[in-house]
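A.B. asks: Handing you a structure now.
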Amino acid sequence: MDRTRRNFLRGAALLGAGAIATRGVAETPAPSGQGKMPMPPGMKMGQGKTHGKQRAHQADAGAPGLSSVITPDLPYLPFQMDNGVKVFHLVAEPVKRAFLPGYSFDLWGYNGTAPGPTIEVNQGDRVRMVVENHLPEATSVHWHGIEVPIGMDGVPGVCQDPIPPGGRYVYEFTLHQEGTFFYHSHMAMQEMMGMIGMFIMHPKVPYSPKVDRDYGLILQEFAILPDNPIPNTMAMEFNWLTINGRSGPATTPLVAKLGERVRIRFVNLGMDHHPMHLHGNTFYVTGTEAGRAPQSTWRPENTVLVAVAQARDIEFDAIYPGDWMLHCHLPHHMMNHMASMVGPIAQVGHGLPAGMGMEEGMGMLRQGEALSKENGPSLGRSMGIGSDSETPTTNLPLSGMHAMQESGREREKKAQQMPGMQMPGMNIPANAETVPGFPQDMFMPMDAAVAKPETYGLRPTWSGSVGGMSTLVRVLEPALYDKIMELKQQAKSPAMSMPMPHRLRE
Ligand SMILES: [Cu+2]
């Protein structure tokens, strides 16, 4: 056993006994001398599941205060009590995360998930956050908006040493605020790899009016090249937009029973601001990243701008039954993997005459087809559904040279394979290519691939319109609501006592 491993085991034993002697001090692992990453036993790079068992065990032990805010598709971070202090363990590590079925990416996160697990505490709590670094480079954790002593603020260099790979840092502070906060790495590029989690502080005096549903949503964006699962954190353009680490339609609908009062907490960490729009309902912004807002400042809205580094709480009475879209209203943020496939870009010889740089930048075609192996990747065509020339998409196979070379019967056969093409209204008129701008939107439902209890009873092909940073607020009549609760109960296995993503494999 090398020294690094021995030191880690000793550290783990100390943690188990609740005797932490290293508050506010970064521990440097002893050099292994073998040029390897210091990793704890059982921890493998990129697997990110090592801590699931421990988490479940701690949750089973019964941690008070957990799970009153629902953060769909994300687990909660359990804690243990040590002389009146709530002790949390955060492990910064590489993880796999599937934004959509079949689209699994290499992110960095905490405790096997990106975004990290949700922390829920009460105003007045004293907390100890034991942070271990299983990343191959230094990190730190900043408690965003939380009024902590300077030594606990998590900025490497300014108020602490960076936590080295294999090292550990213990933050401890008392919470006197209430509201929607978050934690994140204070290394900027690591933020863009996914390193953020919610930190919710419940007030000593309950908010009024009381809500029946309390949801938390983390908004993120990533630039991920086709056929490459690793985000390009230096990019200024983004093609994957997520809510709690899922892209629509794999985001989990927010369910409420007709007549209930609903709160939704948004948090944004990325390079863009997101105007989050709710269909068919009027809400009030009741809180910011600094806590509850005085009621005198509330005003009716249906779109709340959640800027970078901000949190916004909204509340409304769910009095209108229906499945209401909730989405960022930036048009490019309602789509996935952002293929450059619209208008003249998609057709041979229709590109605007421009210099080489502009052509490349805008994905204009000189030869070949947009869906070909040669051109697909450069136009943003990615892996999975609709990604290659063999897979028909709703409007494209019926236009362009490729389609013209095929017999009518062949085209029809291909078109029928694509979900959505069977729908009324999706057939393309013969003169489509004469219309400037054609084609624009594809409609590609994937209901079955993203089915879960919360999607039960949705109109067939619903998933064709829920893309990117989109989800649904489902205001349900009691019978349908009860049925979904029943399905959720059945879907829960004993091994998964906490809300965890189902159906999607990481
Ligand atoms: Cu947006």
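Chain labels run A, B, ... following the order of the structure tokens; each chain numbers its residues from 1, and ligands are numbered from 1 in the order shown.
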Write out as a Markdown table a residue-level contact list of chain A versus ligand 1 with cut-off 9 Å: for each qualifying residue the closest pair of atoms and the distance in Å to one decimal, counting only C-alpha atoms and all ligand atoms, rows sorted by chain and residue number upward.

C.D. replies:
```
| residue | atom | partner | partner_atom_place_in_ligand_line | distance |
| --- | --- | --- | --- | --- |
| A:Leu219 | CA | ligand 1 | 1 (Cu) | 8.3 |
| A:Gln220 | CA | ligand 1 | 1 (Cu) | 8.7 |
| A:Glu221 | CA | ligand 1 | 1 (Cu) | 8.4 |
| A:Leu241 | CA | ligand 1 | 1 (Cu) | 7.4 |
| A:Asp272 | CA | ligand 1 | 1 (Cu) | 6.5 |
| A:His273 | CA | ligand 1 | 1 (Cu) | 6.0 |
| A:His274 | CA | ligand 1 | 1 (Cu) | 3.7 |
| A:Pro275 | CA | ligand 1 | 1 (Cu) | 6.2 |
| A:Met276 | CA | ligand 1 | 1 (Cu) | 7.4 |
| A:Val306 | CA | ligand 1 | 1 (Cu) | 8.8 |
| A:His327 | CA | ligand 1 | 1 (Cu) | 8.0 |
| A:Cys328 | CA | ligand 1 | 1 (Cu) | 4.6 |
| A:His329 | CA | ligand 1 | 1 (Cu) | 6.3 |
| A:Leu330 | CA | ligand 1 | 1 (Cu) | 5.1 |
| A:Pro331 | CA | ligand 1 | 1 (Cu) | 8.0 |
| A:His332 | CA | ligand 1 | 1 (Cu) | 7.6 |
| A:His333 | CA | ligand 1 | 1 (Cu) | 4.9 |
| A:Met334 | CA | ligand 1 | 1 (Cu) | 7.7 |
| A:Gly468 | CA | ligand 1 | 1 (Cu) | 8.9 |
| A:Met469 | CA | ligand 1 | 1 (Cu) | 6.7 |
```

A.B. asks: Write out as a list in words which residues come within 10 Å of Asn336 of chain A when counting only C-alpha atoms, dropping same-chain ones fewer than 3 positions away.

C.D. replies: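 Close residues of Asn336 of chain A: Phe99, Leu100, Phe238, Asn239, Trp240, Leu241, Thr242, Ser247, Gly248, Pro249, His332, His333, Ala339, Ser382, Val466, Gly467, Gly468 and Met469 of chain A.
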
A.B. asks: Against segment 79-86 of chain A, which residues of segment 135-192 of chain A fall within 12 Å? For each one I want the closest pair of atoms and the distance in Å (one decimal), counting only C-alpha atoms, rows by chain and increasing residue number, as a Markdown table.

C.D. replies:
```
| residue | atom | partner | partner_atom | distance |
| --- | --- | --- | --- | --- |
| A:Tyr171 | CA | A:Lys86 | CA | 11.6 |
| A:Glu172 | CA | A:Val85 | CA | 8.9 |
| A:Phe173 | CA | A:Val85 | CA | 9.4 |
| A:Thr174 | CA | A:Val85 | CA | 9.1 |
| A:Leu175 | CA | A:Lys86 | CA | 11.2 |
```

A.B. asks: Based on DSSP run over this structure's backbone, return all residues of segment 418-488 of chain A in alpha helix (DSSP H), as a list in words.

C.D. replies: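 Put together, the selection reads Pro478, Ala479, Leu480, Tyr481, Asp482, Lys483, Ile484, Met485, Glu486, Leu487 and Lys488 of chain A.
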
A.B. asks: Quick one: write out the picked residues with C-alpha atoms as a PDB file, in the first residue's frame?

C.D. replies:
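The resulting file, part_30.pdb, is reproduced below:
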```pdb
ATOM      1  CA  PRO A 478     -56.986  14.735  -8.917  1.00  0.00           C
ATOM      2  CA  ALA A 479     -57.530  11.392 -10.707  1.00  0.00           C
ATOM      3  CA  LEU A 480     -54.555  11.829 -13.046  1.00  0.00           C
ATOM      4  CA  TYR A 481     -52.428  13.209 -10.244  1.00  0.00           C
ATOM      5  CA  ASP A 482     -53.184  10.142  -8.081  1.00  0.00           C
ATOM      6  CA  LYS A 483     -52.357   7.807 -10.949  1.00  0.00           C
ATOM      7  CA  ILE A 484     -48.951   9.432 -11.448  1.00  0.00           C
ATOM      8  CA  MET A 485     -48.207   9.239  -7.729  1.00  0.00           C
ATOM      9  CA  GLU A 486     -49.101   5.551  -7.851  1.00  0.00           C
ATOM     10  CA  LEU A 487     -46.753   4.982 -10.798  1.00  0.00           C
ATOM     11  CA  LYS A 488     -43.975   6.837  -8.982  1.00  0.00           C
TER      12      LYS A 488
END
```

A.B. asks: Please report the interatomic distance between atom CA of Glu260 of chain A and atom CA of Asp317 of chain A in Å with one decimal.

C.D. replies: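 These two atoms are separated by 5.9 Å.
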
A.B. asks: Please compute the atom CA of Arg128 of chain A-atom CA of Val91 of chain A distance, one decimal, in Å.

C.D. replies: 13.7 Å

A.B. asks: So how many Å separate atom CA of His184 of chain A and atom CA of Gly167 of chain A, to one decimal?

C.D. replies: 17.3 Å

A.B. asks: Quick one: residues within 8 Å of Val69 of chain A, only C-alpha atoms counted, chain neighbours fewer than 5 positions away excluded, as a list in words?

C.D. replies: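 My list of contacting residues is Glu120, Arg213, Asp214, Tyr215 and Gly216 of chain A.
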
A.B. asks: Quick one: which segment 168-220 of chain A residues come within 10 Å of segment 122-125 of chain A, and what is the nearest atom pair for each with the distance in Å to one decimal, counting only C-alpha atoms, rows ordered by chain and ascending number, as a tab-separated table?

C.D. replies:
```
residue	atom	partner	partner_atom	distance
A:Phe173	CA	A:Asp125	CA	8.6
A:Thr174	CA	A:Asp125	CA	5.8
A:Leu175	CA	A:Gly124	CA	5.1
A:His176	CA	A:Gly124	CA	5.0
A:Gln177	CA	A:Gln123	CA	5.8
A:Glu178	CA	A:Gln123	CA	5.6
A:Gly179	CA	A:Gln123	CA	8.9
A:Ile200	CA	A:Asn122	CA	8.1
A:Met201	CA	A:Asn122	CA	5.0
A:His202	CA	A:Asn122	CA	4.6
A:Pro203	CA	A:Gln123	CA	5.3
A:Lys204	CA	A:Gln123	CA	5.7
A:Val205	CA	A:Gln123	CA	9.2
```

A.B. asks: In terms of the shortest atom-to-atom distance over only C-alpha atoms, which of A:Ala448, A:Ile264, A:Ala114, A:Leu258 is closest to Pro321 of chain A?

C.D. replies: A:Leu258

A.B. asks: Please determine, counting only C-alpha atoms, which residue among A:Ala430, A:Ala318, A:Pro253, A:Asn268 has the shortest atom-to-atom distance to Thr455 of chain A.

C.D. replies: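 Distance minimum relative to Thr455 of chain A lands on A:Pro253.
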
A.B. asks: Taking into account only C-alpha atoms, which residue in the set A:Leu135, A:Ile314, A:Leu90, A:Val308 is nearest to Arg292 of chain A?

C.D. replies: A:Ile314

A.B. asks: Considering only C-alpha atoms, can you say which of A:Pro429, A:Pro231, A:Pro300, A:Pro445 comes closest to Phe283 of chain A?

C.D. replies: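 Of A:Pro429, A:Pro231, A:Pro300, A:Pro445, the one nearest Phe283 of chain A, counting only C-alpha atoms, is A:Pro300.
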